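*Asks:* Below you'll find the structure I mean.
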Amino acid sequence: MSIASYDFIEKPVDDTLMVYDYKENRFIALVDAIIKNSYVNLAIDWGNKTNAQSYLDLLSRVVYEVILSFKDQKYRNKMLYYLSHSLEARQVLLMIFSDTVWYNRRDGGFLMAYNSGANLNRGKLIEFGIDKTLSPIAKQMIKNTIFGTRRLTIDINTRITYDTLADLLVYLVAQSYITQDESDVVTESEDLDDLPFHEDYDVIILDNEKYLFTDLETLSKAVQNMKKYNTATGDW
């Protein structure tokens, strides 16, 4: 299963709800969005809007670390890609952010995880760990979605369907997967087996006789692009 076309976004969206930190690859809720979704005015709670936004930045980092704690290390980048390119994931994140604001405001929440309590009667420290960072509701939101699975089952490889072999070959040459001479060989034979072996992509003929191209390096390219994002120009 791949990210559905209606759910997929080319790059993280900055709007009135959340902004994206391209250095750490995570969304951060905005103060006004929390006021709208949680009816909590953090600017009052934290003295001003700047302080409140800094708090939401910290909250975002904590929420992401909790989500990533469910994943094997090898799925970390894949999960970050999914969180950045799925509209559904973005909506769930905002819900978790909003719930965590309420939880943290009422019962200590994730800020408790930065502290230790002292039991003077027993002479012991009480550690508030990661299990106290989110509310039971937010934890259930994670468990009810792909956020809470040990491995990410979403296939994020880019796929393009071509109506003709000629269209496919033009693309492969343009992207430097093959040379024009190699394209000419396949054009003459009309046999995909004559394509040179390449670990970066795969091509098959579908039942409707169209050609399906799969970019097997989608994730590695996306990770490189995220690191190269130019915040000044808004370009990758």
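Following the order of the structure tokens, chains are lettered A, B, ..., residues in each are numbered from 1, and ligands are numbered from 1.
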Among the residues of range 3-235 of chain A, find those DSSP assigns to strand (DSSP E or B) from the backbone and print them as a PyMOL selection string.

*Replies:* chain A and resi 8+18-21+26-29+86+116-119+124-127+155+158-162+201-205+211-215+230+235

*Asks:* Keeping C-alpha atoms for every residue in the selection just given, could you write it to a file as a CSV table (one decimal), in the first residue's frame?

*Replies:*
```csv
chain,number,residue,atom,x,y,z
A,8,PHE,CA,0.0,12.8,-0.8
A,18,MET,CA,1.3,24.4,11.4
A,19,VAL,CA,4.7,25.3,10.1
A,20,TYR,CA,7.5,22.8,9.2
A,21,ASP,CA,11.0,22.7,10.7
A,26,ARG,CA,8.8,18.0,11.9
A,27,PHE,CA,5.6,20.0,12.0
A,28,ILE,CA,5.0,22.6,14.7
A,29,ALA,CA,1.6,23.8,15.7
A,86,SER,CA,0.6,12.7,4.2
A,116,SER,CA,12.2,14.1,39.1
A,117,GLY,CA,10.1,14.0,42.3
A,118,ALA,CA,11.6,13.3,45.6
A,119,ASN,CA,9.9,11.0,48.1
A,124,LYS,CA,14.0,8.0,46.7
A,125,LEU,CA,13.6,9.9,43.5
A,126,ILE,CA,10.5,9.3,41.4
A,127,GLU,CA,11.2,9.5,37.7
A,155,ASP,CA,5.2,2.0,0.3
A,158,THR,CA,7.2,7.0,-6.6
A,159,ARG,CA,5.4,5.2,-9.5
A,160,ILE,CA,4.7,6.6,-13.0
A,161,THR,CA,2.6,4.8,-15.6
A,162,TYR,CA,3.5,5.3,-19.3
A,201,TYR,CA,14.4,1.6,-10.6
A,202,ASP,CA,12.1,-1.2,-11.8
A,203,VAL,CA,9.9,-1.4,-14.9
A,204,ILE,CA,7.1,-3.8,-15.5
A,205,ILE,CA,4.3,-4.2,-18.1
A,211,TYR,CA,4.4,0.4,-18.5
A,212,LEU,CA,4.9,1.0,-14.8
A,213,PHE,CA,8.1,2.7,-13.6
A,214,THR,CA,9.0,2.5,-9.9
A,215,ASP,CA,11.7,4.7,-8.4
A,230,ASN,CA,16.3,26.3,0.9
A,235,ASP,CA,12.8,25.6,-3.1
```

*Asks:* Which residues in chain A does DSSP call alpha helix (DSSP H)? List them as a PDB file with C-alpha atoms, in the first residue's frame.

*Replies:*
```pdb
ATOM      1  CA  VAL A  31      -0.517  29.364  18.689  1.00  0.00           C
ATOM      2  CA  ASP A  32      -3.622  30.552  16.810  1.00  0.00           C
ATOM      3  CA  ALA A  33      -4.349  27.007  15.617  1.00  0.00           C
ATOM      4  CA  ILE A  34      -4.251  25.716  19.198  1.00  0.00           C
ATOM      5  CA  ILE A  35      -6.608  28.490  20.282  1.00  0.00           C
ATOM      6  CA  LYS A  36      -8.999  27.440  17.513  1.00  0.00           C
ATOM      7  CA  ASN A  37      -8.727  23.684  18.078  1.00  0.00           C
ATOM      8  CA  SER A  38      -8.256  23.469  21.837  1.00  0.00           C
ATOM      9  CA  LEU A  42      -1.303  29.794  25.306  1.00  0.00           C
ATOM     10  CA  ALA A  43      -0.243  33.412  24.876  1.00  0.00           C
ATOM     11  CA  ILE A  44      -1.975  34.131  28.187  1.00  0.00           C
ATOM     12  CA  ASP A  45      -0.636  30.994  29.855  1.00  0.00           C
ATOM     13  CA  LYS A  49       2.821  34.706  21.881  1.00  0.00           C
ATOM     14  CA  THR A  50       6.583  34.274  21.411  1.00  0.00           C
ATOM     15  CA  ASN A  51       6.910  32.238  24.600  1.00  0.00           C
ATOM     16  CA  ALA A  52       3.839  30.224  23.669  1.00  0.00           C
ATOM     17  CA  GLN A  53       5.275  29.382  20.234  1.00  0.00           C
ATOM     18  CA  SER A  54       8.558  28.263  21.836  1.00  0.00           C
ATOM     19  CA  TYR A  55       6.526  25.956  24.067  1.00  0.00           C
ATOM     20  CA  LEU A  56       4.771  24.467  21.014  1.00  0.00           C
ATOM     21  CA  ASP A  57       8.174  23.913  19.391  1.00  0.00           C
ATOM     22  CA  LEU A  58       9.246  21.857  22.411  1.00  0.00           C
ATOM     23  CA  LEU A  59       5.907  20.049  22.432  1.00  0.00           C
ATOM     24  CA  SER A  60       6.375  19.095  18.780  1.00  0.00           C
ATOM     25  CA  ARG A  61       9.811  17.630  19.460  1.00  0.00           C
ATOM     26  CA  VAL A  62       8.443  15.524  22.297  1.00  0.00           C
ATOM     27  CA  VAL A  63       5.462  14.233  20.282  1.00  0.00           C
ATOM     28  CA  TYR A  64       7.717  13.230  17.380  1.00  0.00           C
ATOM     29  CA  GLU A  65      10.097  11.392  19.698  1.00  0.00           C
ATOM     30  CA  VAL A  66       7.208   9.448  21.214  1.00  0.00           C
ATOM     31  CA  ILE A  67       5.903   8.488  17.757  1.00  0.00           C
ATOM     32  CA  LEU A  68       9.363   7.472  16.559  1.00  0.00           C
ATOM     33  CA  SER A  69       9.891   5.414  19.729  1.00  0.00           C
ATOM     34  CA  ARG A  76      12.808   6.353  11.226  1.00  0.00           C
ATOM     35  CA  ASN A  77      13.469   8.240   7.965  1.00  0.00           C
ATOM     36  CA  LYS A  78      10.593   6.461   6.261  1.00  0.00           C
ATOM     37  CA  MET A  79       8.258   7.537   9.072  1.00  0.00           C
ATOM     38  CA  LEU A  80       9.479  11.146   8.916  1.00  0.00           C
ATOM     39  CA  TYR A  81       8.814  11.111   5.174  1.00  0.00           C
ATOM     40  CA  TYR A  82       5.290   9.799   5.727  1.00  0.00           C
ATOM     41  CA  LEU A  83       4.573  12.396   8.425  1.00  0.00           C
ATOM     42  CA  SER A  84       5.783  15.118   6.060  1.00  0.00           C
ATOM     43  CA  HIS A  85       3.918  13.991   2.939  1.00  0.00           C
ATOM     44  CA  LEU A  87      -2.395  15.052   4.702  1.00  0.00           C
ATOM     45  CA  GLU A  88      -4.030  12.468   6.976  1.00  0.00           C
ATOM     46  CA  ALA A  89      -0.888  12.183   9.095  1.00  0.00           C
ATOM     47  CA  ARG A  90      -0.750  15.965   9.318  1.00  0.00           C
ATOM     48  CA  GLN A  91      -4.323  16.114  10.614  1.00  0.00           C
ATOM     49  CA  VAL A  92      -3.666  13.430  13.230  1.00  0.00           C
ATOM     50  CA  LEU A  93      -0.538  15.289  14.360  1.00  0.00           C
ATOM     51  CA  LEU A  94      -2.550  18.454  14.923  1.00  0.00           C
ATOM     52  CA  MET A  95      -5.070  16.486  16.982  1.00  0.00           C
ATOM     53  CA  ILE A  96      -2.255  15.022  19.093  1.00  0.00           C
ATOM     54  CA  PHE A  97      -0.670  18.452  19.539  1.00  0.00           C
ATOM     55  CA  SER A  98      -4.016  19.910  20.631  1.00  0.00           C
ATOM     56  CA  ASP A  99      -4.726  17.081  23.071  1.00  0.00           C
ATOM     57  CA  THR A 100      -1.214  17.301  24.518  1.00  0.00           C
ATOM     58  CA  VAL A 101      -1.681  21.014  25.162  1.00  0.00           C
ATOM     59  CA  TRP A 102      -4.775  20.241  27.208  1.00  0.00           C
ATOM     60  CA  TYR A 103      -3.082  17.365  29.048  1.00  0.00           C
ATOM     61  CA  ASN A 104       0.044  19.348  29.788  1.00  0.00           C
ATOM     62  CA  ARG A 105      -2.030  22.298  31.008  1.00  0.00           C
ATOM     63  CA  ARG A 106      -4.121  20.227  33.407  1.00  0.00           C
ATOM     64  CA  ASP A 107      -1.931  17.376  34.648  1.00  0.00           C
ATOM     65  CA  PRO A 136      -4.097   8.356  27.345  1.00  0.00           C
ATOM     66  CA  ILE A 137      -6.194   9.861  24.531  1.00  0.00           C
ATOM     67  CA  ALA A 138      -3.134  10.913  22.505  1.00  0.00           C
ATOM     68  CA  LYS A 139      -1.522   7.515  23.084  1.00  0.00           C
ATOM     69  CA  GLN A 140      -4.656   5.848  21.756  1.00  0.00           C
ATOM     70  CA  MET A 141      -4.607   8.111  18.687  1.00  0.00           C
ATOM     71  CA  ILE A 142      -1.088   6.855  17.995  1.00  0.00           C
ATOM     72  CA  LYS A 143      -2.017   3.213  18.561  1.00  0.00           C
ATOM     73  CA  LEU A 165       7.383   2.080 -24.538  1.00  0.00           C
ATOM     74  CA  ALA A 166       8.613   5.153 -26.397  1.00  0.00           C
ATOM     75  CA  ASP A 167       7.347   7.479 -23.630  1.00  0.00           C
ATOM     76  CA  LEU A 168       9.033   5.337 -20.996  1.00  0.00           C
ATOM     77  CA  LEU A 169      12.356   5.304 -22.819  1.00  0.00           C
ATOM     78  CA  VAL A 170      12.302   9.076 -23.293  1.00  0.00           C
ATOM     79  CA  TYR A 171      11.900   9.438 -19.531  1.00  0.00           C
ATOM     80  CA  LEU A 172      14.680   6.960 -18.708  1.00  0.00           C
ATOM     81  CA  VAL A 173      17.110   8.775 -21.013  1.00  0.00           C
ATOM     82  CA  ALA A 174      16.091  12.204 -19.699  1.00  0.00           C
ATOM     83  CA  GLN A 180      20.309   6.959 -25.929  1.00  0.00           C
ATOM     84  CA  ASP A 181      22.169   4.003 -27.473  1.00  0.00           C
ATOM     85  CA  GLU A 182      20.686   1.670 -24.848  1.00  0.00           C
ATOM     86  CA  SER A 183      17.256   3.162 -25.520  1.00  0.00           C
ATOM     87  CA  ASP A 184      17.670   2.471 -29.247  1.00  0.00           C
ATOM     88  CA  VAL A 185      18.390  -1.196 -28.533  1.00  0.00           C
ATOM     89  CA  VAL A 186      15.145  -1.568 -26.535  1.00  0.00           C
ATOM     90  CA  THR A 187      13.200   0.389 -29.155  1.00  0.00           C
ATOM     91  CA  GLU A 188      14.299  -2.052 -31.814  1.00  0.00           C
ATOM     92  CA  SER A 189      13.703  -5.222 -29.784  1.00  0.00           C
ATOM     93  CA  THR A 218      12.423   7.605  -3.527  1.00  0.00           C
ATOM     94  CA  LEU A 219      13.220   7.610   0.196  1.00  0.00           C
ATOM     95  CA  SER A 220      16.954   8.276  -0.082  1.00  0.00           C
ATOM     96  CA  LYS A 221      16.297  11.120  -2.542  1.00  0.00           C
ATOM     97  CA  ALA A 222      13.614  12.576  -0.277  1.00  0.00           C
ATOM     98  CA  VAL A 223      15.922  12.540   2.758  1.00  0.00           C
ATOM     99  CA  GLN A 224      18.611  14.330   0.762  1.00  0.00           C
ATOM    100  CA  ASN A 225      16.068  16.853  -0.478  1.00  0.00           C
ATOM    101  CA  MET A 226      14.764  17.544   3.009  1.00  0.00           C
ATOM    102  CA  LYS A 227      18.283  18.345   4.150  1.00  0.00           C
TER     103      LYS A 227
END
```

*Asks:* Please measure the separation of CA of Tyr177 in chain A and CA of Tyr6 in chain A, giving the value in Å to one decimal.

*Replies:* 28.6 Å

*Asks:* To one decimal place in Å, what is the distance between CA of Ile3 in chain A and CA of Leu152 in chain A?

*Replies:*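 Interatomic distance here is 11.6 Å.
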
*Asks:* In Å, with one decimal, what is the gap from CA of Asp15 in chain A to CA of Leu30 in chain A?

*Replies:*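 Pair CA of Asp15 in chain A / CA of Leu30 in chain A returns 9.1 Å.
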